[in-house]
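Asker: My structure is stored as model_20.cif, with mmCIF, C-alpha atoms.
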```
data_structure
#
loop_
_atom_site.group_PDB
_atom_site.id
_atom_site.type_symbol
_atom_site.label_atom_id
_atom_site.label_comp_id
_atom_site.auth_asym_id
_atom_site.auth_seq_id
_atom_site.Cartn_x
_atom_site.Cartn_y
_atom_site.Cartn_z
ATOM 1 C CA MET F 1 -24.478 -37.330 167.316
ATOM 2 C CA PRO F 2 -24.878 -33.912 165.581
ATOM 3 C CA ASP F 3 -25.671 -33.278 161.927
ATOM 4 C CA ARG F 4 -22.878 -34.369 159.617
ATOM 5 C CA ILE F 5 -22.185 -33.067 156.122
ATOM 6 C CA ILE F 6 -20.521 -35.437 153.665
ATOM 7 C CA GLU F 7 -19.292 -34.493 150.205
ATOM 8 C CA PHE F 8 -17.799 -36.477 147.353
ATOM 9 C CA THR F 9 -16.377 -34.998 144.158
ATOM 10 C CA VAL F 10 -17.282 -37.359 141.337
ATOM 11 C CA PRO F 11 -14.314 -37.562 138.958
ATOM 12 C CA LYS F 12 -14.451 -36.980 135.211
ATOM 13 C CA GLY F 13 -15.280 -40.059 133.164
ATOM 14 C CA VAL F 14 -17.135 -41.797 135.984
ATOM 15 C CA LYS F 15 -19.215 -44.827 135.068
ATOM 16 C CA SER F 16 -22.943 -44.171 135.541
ATOM 17 C CA GLY F 17 -24.199 -45.183 138.979
ATOM 18 C CA ARG F 18 -26.932 -44.437 141.496
ATOM 19 C CA ALA F 19 -26.229 -41.662 143.988
ATOM 20 C CA ASP F 20 -27.028 -43.769 147.063
ATOM 21 C CA LYS F 21 -24.618 -46.516 145.986
ATOM 22 C CA ILE F 22 -21.822 -44.025 145.349
ATOM 23 C CA PHE F 23 -22.279 -42.573 148.844
ATOM 24 C CA SER F 24 -22.316 -46.063 150.387
ATOM 25 C CA ALA F 25 -19.095 -46.998 148.608
ATOM 26 C CA GLU F 26 -17.264 -43.832 149.627
ATOM 27 C CA PHE F 27 -18.522 -43.557 153.216
ATOM 28 C CA ASP F 28 -18.762 -47.109 154.527
ATOM 29 C CA ASP F 29 -19.228 -45.893 158.112
ATOM 30 C CA ILE F 30 -22.625 -44.362 157.265
ATOM 31 C CA SER F 31 -25.652 -46.564 157.886
ATOM 32 C CA ARG F 32 -28.137 -47.088 155.056
ATOM 33 C CA VAL F 33 -30.957 -45.909 157.315
ATOM 34 C CA ARG F 34 -29.293 -42.563 158.042
ATOM 35 C CA LEU F 35 -28.536 -42.010 154.347
ATOM 36 C CA GLN F 36 -32.079 -42.965 153.361
ATOM 37 C CA LYS F 37 -33.482 -40.388 155.792
ATOM 38 C CA ALA F 38 -31.283 -37.714 154.212
ATOM 39 C CA PHE F 39 -32.751 -38.484 150.761
ATOM 40 C CA GLU F 40 -36.304 -38.478 152.141
ATOM 41 C CA ALA F 41 -35.708 -35.102 153.800
ATOM 42 C CA GLU F 42 -34.394 -33.679 150.482
ATOM 43 C CA LEU F 43 -30.995 -33.037 152.052
ATOM 44 C CA VAL F 44 -28.968 -34.614 149.237
ATOM 45 C CA THR F 45 -27.783 -32.570 146.248
ATOM 46 C CA PHE F 46 -25.694 -32.949 143.115
ATOM 47 C CA ASP F 47 -24.067 -29.674 142.064
ATOM 48 C CA GLY F 48 -26.618 -27.847 144.223
ATOM 49 C CA GLU F 49 -29.727 -29.560 142.818
ATOM 50 C CA ILE F 50 -31.832 -31.750 145.132
ATOM 51 C CA ILE F 51 -31.804 -35.386 144.033
ATOM 52 C CA ASP F 52 -33.354 -38.670 145.165
ATOM 53 C CA LYS F 53 -31.479 -41.921 145.766
ATOM 54 C CA ARG F 54 -32.294 -43.212 142.278
ATOM 55 C CA PHE F 55 -30.578 -40.259 140.604
ATOM 56 C CA LYS F 56 -28.008 -41.549 138.092
ATOM 57 C CA VAL F 57 -24.640 -39.849 138.375
ATOM 58 C CA ASN F 58 -22.953 -39.937 134.981
ATOM 59 C CA ARG F 59 -20.743 -36.856 134.952
ATOM 60 C CA GLN F 60 -18.259 -34.926 137.053
ATOM 61 C CA GLY F 61 -19.778 -33.013 139.939
ATOM 62 C CA VAL F 62 -20.196 -32.730 143.716
ATOM 63 C CA LEU F 63 -22.478 -35.003 145.711
ATOM 64 C CA ARG F 64 -23.434 -33.506 149.076
ATOM 65 C CA ALA F 65 -25.595 -34.842 151.893
ATOM 66 C CA VAL F 66 -26.604 -33.495 155.285
ATOM 67 C CA LEU F 67 -27.077 -36.377 157.689
ATOM 68 C CA GLU F 68 -29.457 -35.416 160.465
ATOM 69 C CA GLU F 69 -28.707 -35.923 164.132
ATOM 70 C CA VAL F 70 -29.230 -39.474 165.310
ATOM 71 C CA VAL F 71 -31.189 -40.027 168.499
ATOM 72 C CA LEU F 72 -29.210 -42.652 170.323
ATOM 73 C CA GLY F 73 -30.499 -45.314 172.634
ATOM 74 C CA GLU F 74 -28.822 -46.777 175.673
ATOM 75 C CA GLY F 75 -25.208 -47.743 175.075
ATOM 76 C CA PRO F 76 -23.651 -51.170 175.608
ATOM 77 C CA LYS F 77 -23.356 -52.508 179.148
ATOM 78 C CA PRO F 78 -20.217 -53.915 180.768
ATOM 79 C CA MET F 79 -20.018 -57.699 180.536
ATOM 80 C CA ASP F 80 -17.626 -59.930 182.448
ATOM 81 C CA ILE F 81 -15.852 -61.548 179.497
ATOM 82 C CA PRO F 82 -12.209 -62.669 179.884
ATOM 83 C CA LEU F 83 -9.665 -60.729 177.842
ATOM 84 C CA SER F 84 -6.030 -61.363 176.987
ATOM 85 C CA ILE F 85 -4.419 -58.011 177.839
ATOM 86 C CA ILE F 86 -1.058 -57.396 176.170
ATOM 87 C CA TYR F 87 -0.505 -53.928 177.637
ATOM 88 C CA GLU F 88 -2.435 -51.323 179.615
ATOM 89 C CA ASP F 89 -1.839 -47.929 181.200
ATOM 90 C CA GLU F 90 -3.913 -44.834 181.954
ATOM 91 C CA SER F 91 -4.310 -43.985 178.248
ATOM 92 C CA ILE F 92 -4.542 -47.169 176.207
ATOM 93 C CA VAL F 93 -5.251 -50.877 176.428
ATOM 94 C CA VAL F 94 -3.919 -53.420 173.919
ATOM 95 C CA VAL F 95 -5.813 -56.694 173.586
ATOM 96 C CA ASN F 96 -5.062 -59.997 171.876
ATOM 97 C CA LYS F 97 -8.567 -60.533 170.449
ATOM 98 C CA PRO F 98 -9.839 -64.103 170.084
ATOM 99 C CA SER F 99 -11.624 -65.451 167.031
ATOM 100 C CA GLY F 100 -15.400 -65.143 167.162
ATOM 101 C CA MET F 101 -15.436 -61.848 169.061
ATOM 102 C CA VAL F 102 -16.953 -58.868 167.249
ATOM 103 C CA THR F 103 -15.116 -55.591 167.851
ATOM 104 C CA HIS F 104 -18.164 -53.446 168.638
ATOM 105 C CA PRO F 105 -21.974 -53.760 168.748
ATOM 106 C CA GLY F 106 -23.936 -53.572 165.536
ATOM 107 C CA THR F 107 -26.931 -55.079 163.784
ATOM 108 C CA GLY F 108 -27.346 -58.687 164.835
ATOM 109 C CA THR F 109 -24.602 -58.714 167.479
ATOM 110 C CA GLY F 110 -25.079 -59.785 171.082
ATOM 111 C CA GLU F 111 -23.646 -58.553 174.369
ATOM 112 C CA ASP F 112 -20.355 -60.363 173.882
ATOM 113 C CA THR F 113 -18.359 -57.866 171.819
ATOM 114 C CA LEU F 114 -14.930 -56.497 172.629
ATOM 115 C CA VAL F 115 -16.589 -53.229 173.685
ATOM 116 C CA HIS F 116 -18.745 -55.029 176.271
ATOM 117 C CA ALA F 117 -15.671 -56.805 177.639
ATOM 118 C CA LEU F 118 -13.544 -53.632 177.714
ATOM 119 C CA LEU F 119 -16.257 -51.677 179.534
ATOM 120 C CA HIS F 120 -16.147 -54.274 182.298
ATOM 121 C CA HIS F 121 -12.365 -54.561 182.376
ATOM 122 C CA THR F 122 -11.806 -50.783 182.571
ATOM 123 C CA ASN F 123 -14.827 -50.032 184.796
ATOM 124 C CA GLY F 124 -16.222 -47.923 181.988
ATOM 125 C CA ASN F 125 -13.053 -45.886 181.543
ATOM 126 C CA LEU F 126 -13.031 -45.706 177.751
ATOM 127 C CA SER F 127 -12.980 -42.684 175.470
ATOM 128 C CA SER F 128 -16.330 -41.141 174.571
ATOM 129 C CA ILE F 129 -15.279 -40.079 171.070
ATOM 130 C CA GLY F 130 -17.290 -41.540 168.206
ATOM 131 C CA ALA F 131 -20.579 -43.405 168.320
ATOM 132 C CA PRO F 132 -21.846 -44.342 171.817
ATOM 133 C CA ASP F 133 -21.822 -48.037 170.885
ATOM 134 C CA ARG F 134 -18.093 -47.841 170.106
ATOM 135 C CA PRO F 135 -16.396 -46.333 173.179
ATOM 136 C CA GLY F 136 -12.634 -46.566 172.953
ATOM 137 C CA ILE F 137 -12.606 -48.127 169.492
ATOM 138 C CA VAL F 138 -9.903 -46.678 167.246
ATOM 139 C CA HIS F 139 -9.664 -49.440 164.633
ATOM 140 C CA ARG F 140 -11.309 -52.812 164.057
ATOM 141 C CA LEU F 141 -10.584 -56.462 163.407
ATOM 142 C CA ASP F 142 -13.034 -58.767 161.624
ATOM 143 C CA LYS F 143 -14.953 -61.215 163.797
ATOM 144 C CA GLU F 144 -12.819 -64.228 162.899
ATOM 145 C CA THR F 145 -9.506 -62.356 162.818
ATOM 146 C CA THR F 146 -7.382 -62.804 165.927
ATOM 147 C CA GLY F 147 -4.638 -60.672 167.409
ATOM 148 C CA LEU F 148 -3.667 -57.169 168.369
ATOM 149 C CA ILE F 149 -6.089 -54.288 168.688
ATOM 150 C CA VAL F 150 -5.587 -51.052 170.634
ATOM 151 C CA ALA F 151 -8.367 -49.119 172.383
ATOM 152 C CA ALA F 152 -8.308 -45.615 173.884
ATOM 153 C CA LYS F 153 -9.184 -44.977 177.514
ATOM 154 C CA THR F 154 -9.247 -41.158 177.240
ATOM 155 C CA ASP F 155 -10.585 -38.745 174.631
ATOM 156 C CA ARG F 156 -7.130 -37.224 174.212
ATOM 157 C CA ALA F 157 -5.623 -40.644 173.509
ATOM 158 C CA HIS F 158 -8.442 -41.422 171.074
ATOM 159 C CA HIS F 159 -7.887 -38.243 169.039
ATOM 160 C CA ARG F 160 -4.139 -38.804 168.855
ATOM 161 C CA LEU F 161 -4.395 -42.478 167.935
ATOM 162 C CA VAL F 162 -6.925 -41.761 165.187
ATOM 163 C CA ALA F 163 -4.632 -39.059 163.810
ATOM 164 C CA SER F 164 -1.710 -41.486 163.905
ATOM 165 C CA PHE F 165 -3.645 -44.179 162.042
ATOM 166 C CA SER F 166 -4.929 -41.651 159.495
ATOM 167 C CA ALA F 167 -1.415 -40.333 158.873
ATOM 168 C CA ARG F 168 -0.190 -43.931 158.429
ATOM 169 C CA GLU F 169 2.321 -43.586 161.226
ATOM 170 C CA THR F 170 1.473 -47.017 162.603
ATOM 171 C CA TYR F 171 2.976 -50.371 161.647
ATOM 172 C CA LYS F 172 0.556 -53.268 161.256
ATOM 173 C CA ARG F 173 1.736 -56.750 160.329
ATOM 174 C CA TYR F 174 -0.595 -59.710 159.898
ATOM 175 C CA THR F 175 0.020 -63.415 159.398
ATOM 176 C CA ALA F 176 -2.183 -65.395 157.015
ATOM 177 C CA LEU F 177 -2.534 -68.876 155.593
ATOM 178 C CA VAL F 178 -3.463 -68.695 151.911
ATOM 179 C CA LEU F 179 -4.455 -71.255 149.320
ATOM 180 C CA GLY F 180 -1.588 -72.125 146.993
ATOM 181 C CA THR F 181 1.859 -70.542 146.974
ATOM 182 C CA PRO F 182 2.614 -67.293 145.080
ATOM 183 C CA ARG F 183 5.266 -67.634 142.363
ATOM 184 C CA LYS F 184 7.210 -64.708 143.791
ATOM 185 C CA THR F 185 8.496 -64.715 147.358
ATOM 186 C CA ALA F 186 7.339 -61.140 148.000
ATOM 187 C CA GLY F 187 5.438 -58.317 146.397
ATOM 188 C CA ILE F 188 3.035 -55.385 146.741
ATOM 189 C CA CYS F 189 -0.728 -55.299 146.216
ATOM 190 C CA ASP F 190 -1.991 -51.787 145.581
ATOM 191 C CA GLY F 191 -5.372 -52.262 143.919
ATOM 192 C CA PRO F 192 -7.873 -49.641 145.146
ATOM 193 C CA ILE F 193 -10.694 -51.105 147.238
ATOM 194 C CA GLY F 194 -14.367 -50.159 147.339
ATOM 195 C CA ARG F 195 -17.690 -51.721 148.264
ATOM 196 C CA HIS F 196 -18.911 -54.363 145.825
ATOM 197 C CA SER F 197 -21.534 -52.911 143.476
ATOM 198 C CA VAL F 198 -23.908 -55.851 143.873
ATOM 199 C CA VAL F 199 -23.038 -57.711 147.098
ATOM 200 C CA ARG F 200 -22.907 -54.828 149.566
ATOM 201 C CA THR F 201 -21.370 -56.877 152.391
ATOM 202 C CA ARG F 202 -18.290 -57.526 150.250
ATOM 203 C CA MET F 203 -15.439 -55.321 149.133
ATOM 204 C CA ALA F 204 -13.676 -55.462 145.764
ATOM 205 C CA ILE F 205 -10.731 -54.085 143.829
ATOM 206 C CA MET F 206 -12.144 -51.349 141.599
ATOM 207 C CA ALA F 207 -10.963 -48.259 139.750
ATOM 208 C CA MET F 208 -13.184 -45.954 141.839
ATOM 209 C CA GLY F 209 -12.107 -47.539 145.120
ATOM 210 C CA LYS F 210 -9.975 -45.991 147.835
ATOM 211 C CA GLU F 211 -6.208 -46.276 147.818
ATOM 212 C CA ALA F 212 -5.006 -49.506 149.417
ATOM 213 C CA LYS F 213 -1.513 -50.940 149.787
ATOM 214 C CA THR F 214 -0.369 -54.273 151.182
ATOM 215 C CA ASP F 215 3.222 -55.549 151.278
ATOM 216 C CA TRP F 216 3.363 -59.344 151.406
ATOM 217 C CA SER F 217 6.050 -62.001 151.687
ATOM 218 C CA VAL F 218 5.951 -65.789 151.760
ATOM 219 C CA GLU F 219 7.292 -67.146 155.047
ATOM 220 C CA HIS F 220 6.766 -70.840 154.323
ATOM 221 C CA SER F 221 5.188 -73.102 151.694
ATOM 222 C CA PHE F 222 3.368 -76.277 152.679
ATOM 223 C CA GLY F 223 4.099 -78.347 149.611
ATOM 224 C CA GLY F 224 2.763 -75.675 147.291
ATOM 225 C CA GLN F 225 -0.738 -76.363 148.552
ATOM 226 C CA VAL F 226 -0.820 -73.627 151.212
ATOM 227 C CA ALA F 227 1.504 -70.740 152.087
ATOM 228 C CA LEU F 228 2.191 -68.890 155.314
ATOM 229 C CA VAL F 229 2.236 -65.222 154.327
ATOM 230 C CA SER F 230 3.240 -62.092 156.233
ATOM 231 C CA CYS F 231 1.281 -58.954 155.277
ATOM 232 C CA VAL F 232 2.108 -55.367 156.228
ATOM 233 C CA ILE F 233 -0.746 -52.972 155.505
ATOM 234 C CA HIS F 234 -0.124 -49.279 154.859
ATOM 235 C CA THR F 235 -3.843 -48.462 154.654
ATOM 236 C CA GLY F 236 -6.766 -49.764 156.670
ATOM 237 C CA ARG F 237 -9.480 -50.613 154.169
ATOM 238 C CA THR F 238 -12.253 -53.011 155.118
ATOM 239 C CA HIS F 239 -11.196 -56.625 154.378
ATOM 240 C CA GLN F 240 -7.997 -55.274 152.782
ATOM 241 C CA ILE F 241 -5.769 -58.351 153.126
ATOM 242 C CA ARG F 242 -8.618 -60.702 152.252
ATOM 243 C CA VAL F 243 -9.430 -58.751 149.087
ATOM 244 C CA HIS F 244 -5.817 -58.281 147.983
ATOM 245 C CA MET F 245 -4.811 -61.912 148.473
ATOM 246 C CA SER F 246 -7.965 -63.084 146.721
ATOM 247 C CA GLY F 247 -7.103 -60.722 143.864
ATOM 248 C CA MET F 248 -3.817 -62.641 143.520
ATOM 249 C CA ASN F 249 -5.827 -65.900 143.307
ATOM 250 C CA HIS F 250 -4.570 -66.900 146.748
ATOM 251 C CA PRO F 251 -7.609 -66.500 149.050
ATOM 252 C CA LEU F 252 -7.175 -66.960 152.776
ATOM 253 C CA LEU F 253 -7.987 -70.413 154.098
ATOM 254 C CA GLY F 254 -11.576 -70.459 155.313
ATOM 255 C CA ASP F 255 -12.522 -67.241 153.521
ATOM 256 C CA THR F 256 -15.398 -68.475 151.357
ATOM 257 C CA THR F 257 -16.564 -64.869 150.884
ATOM 258 C CA TYR F 258 -13.486 -64.143 148.793
ATOM 259 C CA GLY F 259 -12.951 -67.328 146.866
ATOM 260 C CA TYR F 260 -11.773 -70.092 149.189
ATOM 261 C CA LYS F 261 -13.221 -73.480 148.243
ATOM 262 C CA PRO F 262 -13.075 -76.213 150.923
ATOM 263 C CA SER F 263 -12.777 -78.868 148.206
ATOM 264 C CA ARG F 264 -9.242 -77.648 147.495
ATOM 265 C CA LEU F 265 -8.082 -79.019 150.879
ATOM 266 C CA ARG F 266 -9.897 -82.311 151.152
ATOM 267 C CA GLY F 267 -9.736 -83.958 154.526
ATOM 268 C CA ILE F 268 -8.573 -80.788 156.259
ATOM 269 C CA ASP F 269 -11.110 -78.837 158.302
ATOM 270 C CA VAL F 270 -10.402 -75.103 158.364
ATOM 271 C CA PRO F 271 -11.965 -73.651 161.551
ATOM 272 C CA ARG F 272 -12.158 -70.007 160.460
ATOM 273 C CA ILE F 273 -10.603 -67.362 158.239
ATOM 274 C CA MET F 274 -6.917 -67.859 158.975
ATOM 275 C CA LEU F 275 -5.749 -64.298 159.662
ATOM 276 C CA HIS F 276 -3.922 -62.998 162.737
ATOM 277 C CA SER F 277 -2.808 -59.494 163.717
ATOM 278 C CA THR F 278 0.738 -60.350 164.768
ATOM 279 C CA GLU F 279 2.580 -57.084 165.249
ATOM 280 C CA LEU F 280 1.491 -53.517 165.994
ATOM 281 C CA HIS F 281 3.626 -50.407 166.484
ATOM 282 C CA VAL F 282 1.948 -47.196 167.663
ATOM 283 C CA GLN F 283 3.172 -43.881 168.989
ATOM 284 C CA HIS F 284 2.034 -43.604 172.589
ATOM 285 C CA PRO F 285 -0.599 -40.814 172.702
ATOM 286 C CA GLU F 286 0.884 -39.215 175.837
ATOM 287 C CA ARG F 287 4.591 -40.018 175.630
ATOM 288 C CA ASP F 288 7.171 -39.490 172.888
ATOM 289 C CA GLU F 289 7.674 -43.209 172.606
ATOM 290 C CA GLU F 290 6.960 -45.837 169.973
ATOM 291 C CA MET F 291 5.255 -48.843 171.498
ATOM 292 C CA GLU F 292 5.828 -52.228 169.842
ATOM 293 C CA PHE F 293 3.478 -55.137 170.530
ATOM 294 C CA VAL F 294 3.594 -58.752 169.348
ATOM 295 C CA ALA F 295 0.943 -61.460 169.707
ATOM 296 C CA PRO F 296 1.918 -65.109 169.183
ATOM 297 C CA LEU F 297 -0.063 -67.240 166.761
ATOM 298 C CA PRO F 298 -3.157 -68.713 168.451
ATOM 299 C CA ALA F 299 -3.599 -72.429 169.077
ATOM 300 C CA ASP F 300 -5.941 -73.054 166.127
ATOM 301 C CA PHE F 301 -3.484 -71.367 163.760
ATOM 302 C CA LYS F 302 -0.609 -73.499 165.001
ATOM 303 C CA ALA F 303 -2.746 -76.637 164.840
ATOM 304 C CA MET F 304 -3.601 -75.890 161.217
ATOM 305 C CA MET F 305 0.076 -75.487 160.352
ATOM 306 C CA ASP F 306 0.891 -78.768 162.103
ATOM 307 C CA ARG F 307 -1.853 -80.485 160.101
ATOM 308 C CA LEU F 308 -0.483 -79.095 156.848
ATOM 309 C CA THR F 309 3.037 -80.237 157.722
ATOM 310 C CA VAL F 310 1.997 -83.891 158.127
#
```
Would you mind writing the structure in this file as structure tokens?
Answerer:
Amino acid sequence: MPDRIIEFTVPKGVKSGRADKIFSAEFDDISRVRLQKAFEAELVTFDGEIIDKRFKVNRQGVLRAVLEEVVLGEGPKPMDIPLSIIYEDESIVVVNKPSGMVTHPGTGTGEDTLVHALLHHTNGNLSSIGAPDRPGIVHRLDKETTGLIVAAKTDRAHHRLVASFSARETYKRYTALVLGTPRKTAGICDGPIGRHSVVRTRMAIMAMGKEAKTDWSVEHSFGGQVALVSCVIHTGRTHQIRVHMSGMNHPLLGDTTYGYKPSRLRGIDVPRIMLHSTELHVQHPERDEEMEFVAPLPADFKAMMDRLTV
């Protein structure tokens, strides 16, 4: 992976904050180790002046960092893990991901990620764009989230799919079970999302966050205690639906990170965060054709709804 230059223009009136935390919030795909090395090598500047990670940014200006080339180890190996394939051709493969499967390798993961399974299924025929531990990966689903995810088998397909996602030309609809029932039957959440200033594994709605938009509608109410909600996301921020629904005081069932309390549903065991990628529309990277995919609700989701109906 060659050197990468990242820049962020700090807006006027910004609240004082450390340079390293601002970078982490704005570029959540950059590892802390790589950013730390840039500071140690004096490759980080603010308005042209070299700064360290403790530098307090309290005015408008340009943060710039040169991230040195990363020496990569051996990539993930193919593993014979069953997959539910929704669609596949020479360019793409669409999978109905199960709960518990991580999308790609990372710190603390094993050899049971979607990448490991796809490498086996495709005989290694995945795009080489991006980090070597993420072949074919165009977008991600959280570990406990089930449903549709598309991967690229060629570099050309990868480039075109990434461009399509970035231009918001895709349609992504999720189904969620949330605590309580919203007063309105439908609405829009558009609070900007950024990394939490204290708990770095969490995201939060914040003024300095990135634009985020979620359309939601209530499909069914289980006695006011729980609601089945359909969410269409126009942006792809980390934990977007989880953060937006929590911001409405309706956290997803099982999502203790964003406010769900098991005591609110006594006697009902929630197996995971109840979120499913139900519908995905993408422009085929090689053909002038919109592809529409649908994944039915998984068994544990249906079982939870049956339990709530009783």
Asker: Between atom CA of Arg160 of chain F and atom CA of Glu289 of chain F, what is the distance, to one decimal in Å?
Answerer: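 Atom CA of Glu289 of chain F lies 13.2 Å from atom CA of Arg160 of chain F.
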Asker: Give me, as a Markdown table, each residue of segment 66-146 of chain F that comes within 12 Å of segment 259-276 of chain F, together with its shortest interatomic pair and the distance in Å at one decimal, counting only C-alpha atoms, with rows ordered by chain and rising residue number.
Answerer:
```
| residue | atom | partner | partner_atom | distance |
| --- | --- | --- | --- | --- |
| F:Asn96 | CA | F:His276 | CA | 9.7 |
| F:Lys97 | CA | F:His276 | CA | 9.3 |
| F:Pro98 | CA | F:His276 | CA | 9.5 |
| F:Ser99 | CA | F:Arg272 | CA | 8.0 |
| F:Gly100 | CA | F:Arg272 | CA | 8.9 |
| F:Leu141 | CA | F:His276 | CA | 9.4 |
| F:Asp142 | CA | F:Leu275 | CA | 9.4 |
| F:Lys143 | CA | F:Ile273 | CA | 9.4 |
| F:Glu144 | CA | F:Ile273 | CA | 6.0 |
| F:Thr145 | CA | F:Leu275 | CA | 5.3 |
| F:Thr146 | CA | F:His276 | CA | 4.7 |
```
Asker: Report, as lines of an AutoDock Vina configuration file, the centre and edge lengths in Å (one decimal) of the axis-aligned box enclosing every listed atom of segment 111-119 of chain F, padded by 6 Å on each side.
Answerer:
```
center_x = -18.6
center_y = -56.0
center_z = 175.7
size_x = 22.1
size_y = 20.7
size_z = 19.7
```
Asker: Work out how far apart atom CA of Thr214 of chain F and atom CA of Thr185 of chain F are and give it in Å to one decimal.
Answerer: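 Separation between atom CA of Thr214 of chain F and atom CA of Thr185 of chain F: 14.2 Å.
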Asker: Using the chain letters and numbers from the file, give me the residues hit by the PyMOL selection byres ((chain F and resi 89) around 12), as a list in words.
Answerer: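 Applied to this file, the PyMOL selection byres ((chain F and resi 89) around 12) returns Ile85, Ile86, Tyr87, Glu88, Glu90, Ser91, Ile92, Val93, Val94, Thr122, Asn125, Leu126, Val150, Ala151, Ala152, Lys153, Thr154, Ala157, His284, Pro285, Glu286 and Arg287 of chain F.
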Asker: For the PyMOL selection byres ((chain F and resi 48-55) around 7), applied here, can you spell out every residue it catches as a PDB file with C-alpha atoms, in the coordinates of the input?
Answerer:
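Okay, this is what ended up in out.pdb:
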```
ATOM      1  CA  ARG F  18     -26.932 -44.437 141.496  1.00  0.00           C
ATOM      2  CA  ALA F  19     -26.229 -41.662 143.988  1.00  0.00           C
ATOM      3  CA  ASP F  20     -27.028 -43.769 147.063  1.00  0.00           C
ATOM      4  CA  PHE F  39     -32.751 -38.484 150.761  1.00  0.00           C
ATOM      5  CA  GLU F  42     -34.394 -33.679 150.482  1.00  0.00           C
ATOM      6  CA  VAL F  44     -28.968 -34.614 149.237  1.00  0.00           C
ATOM      7  CA  THR F  45     -27.783 -32.570 146.248  1.00  0.00           C
ATOM      8  CA  PHE F  46     -25.694 -32.949 143.115  1.00  0.00           C
ATOM      9  CA  ASP F  47     -24.067 -29.674 142.064  1.00  0.00           C
ATOM     10  CA  LYS F  56     -28.008 -41.549 138.092  1.00  0.00           C
ATOM     11  CA  VAL F  57     -24.640 -39.849 138.375  1.00  0.00           C
TER      12      VAL F  57
END
```
Asker: Go through F:His104, F:Arg4, F:Lys12, F:His220 one by one, measure the shortest atom-to-atom distance of each to Leu67 of chain F using all atoms listed in the file, and give the residue with the smallest value.
Answerer: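 Closest residue, counting all atoms listed in the file: F:Arg4.
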Asker: The PyMOL selection byres ((chain F and resi 148) around 6) on the file shown: which residues, as a PyMOL selection string?
Answerer: chain F and resi 95-96+147+149+277
Asker: Between F:His234, F:Arg202, F:Lys213, F:His159, which has the minimum distance to Tyr171 of chain F (counting only C-alpha atoms)?
Answerer: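 When distances to Tyr171 of chain F are compared using only C-alpha atoms, the smallest one comes from F:His234.
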Asker: With all atoms listed in the file as the basis for distance, which of F:Ser128, F:Ser246, F:Gln240, F:Thr109 is at the shortest distance from Gly194 of chain F?
Answerer: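 When distances to Gly194 of chain F are compared using all atoms listed in the file, the smallest one comes from F:Gln240.
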Asker: Calculated over all atoms listed in the file, which of the candidates F:Asp133, F:Phe222, F:Glu68, F:Lys37 has the smallest distance to Thr107 of chain F?
Answerer: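 Under the stated criterion, the closest residue is F:Asp133.
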Asker: Just the number, please: distance in Å from atom CA of Gly236 of chain F to atom CA of Gln283 of chain F, one decimal.
Answerer: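 Atom CA of Gln283 of chain F lies 16.9 Å from atom CA of Gly236 of chain F.
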Asker: Using all atoms listed in the file, list the residues that have an atom at most 12 Å from (-26.0, -56.2, 152.1), coordinates as in the file, as a list in words.
Answerer: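 So the residues meeting the distance criterion are Lys21, Ser24, Asp28, Ser31, Arg32, Thr107, Arg195, His196, Ser197, Val198, Val199, Arg200, Thr201, Arg202 and Met203 of chain F.
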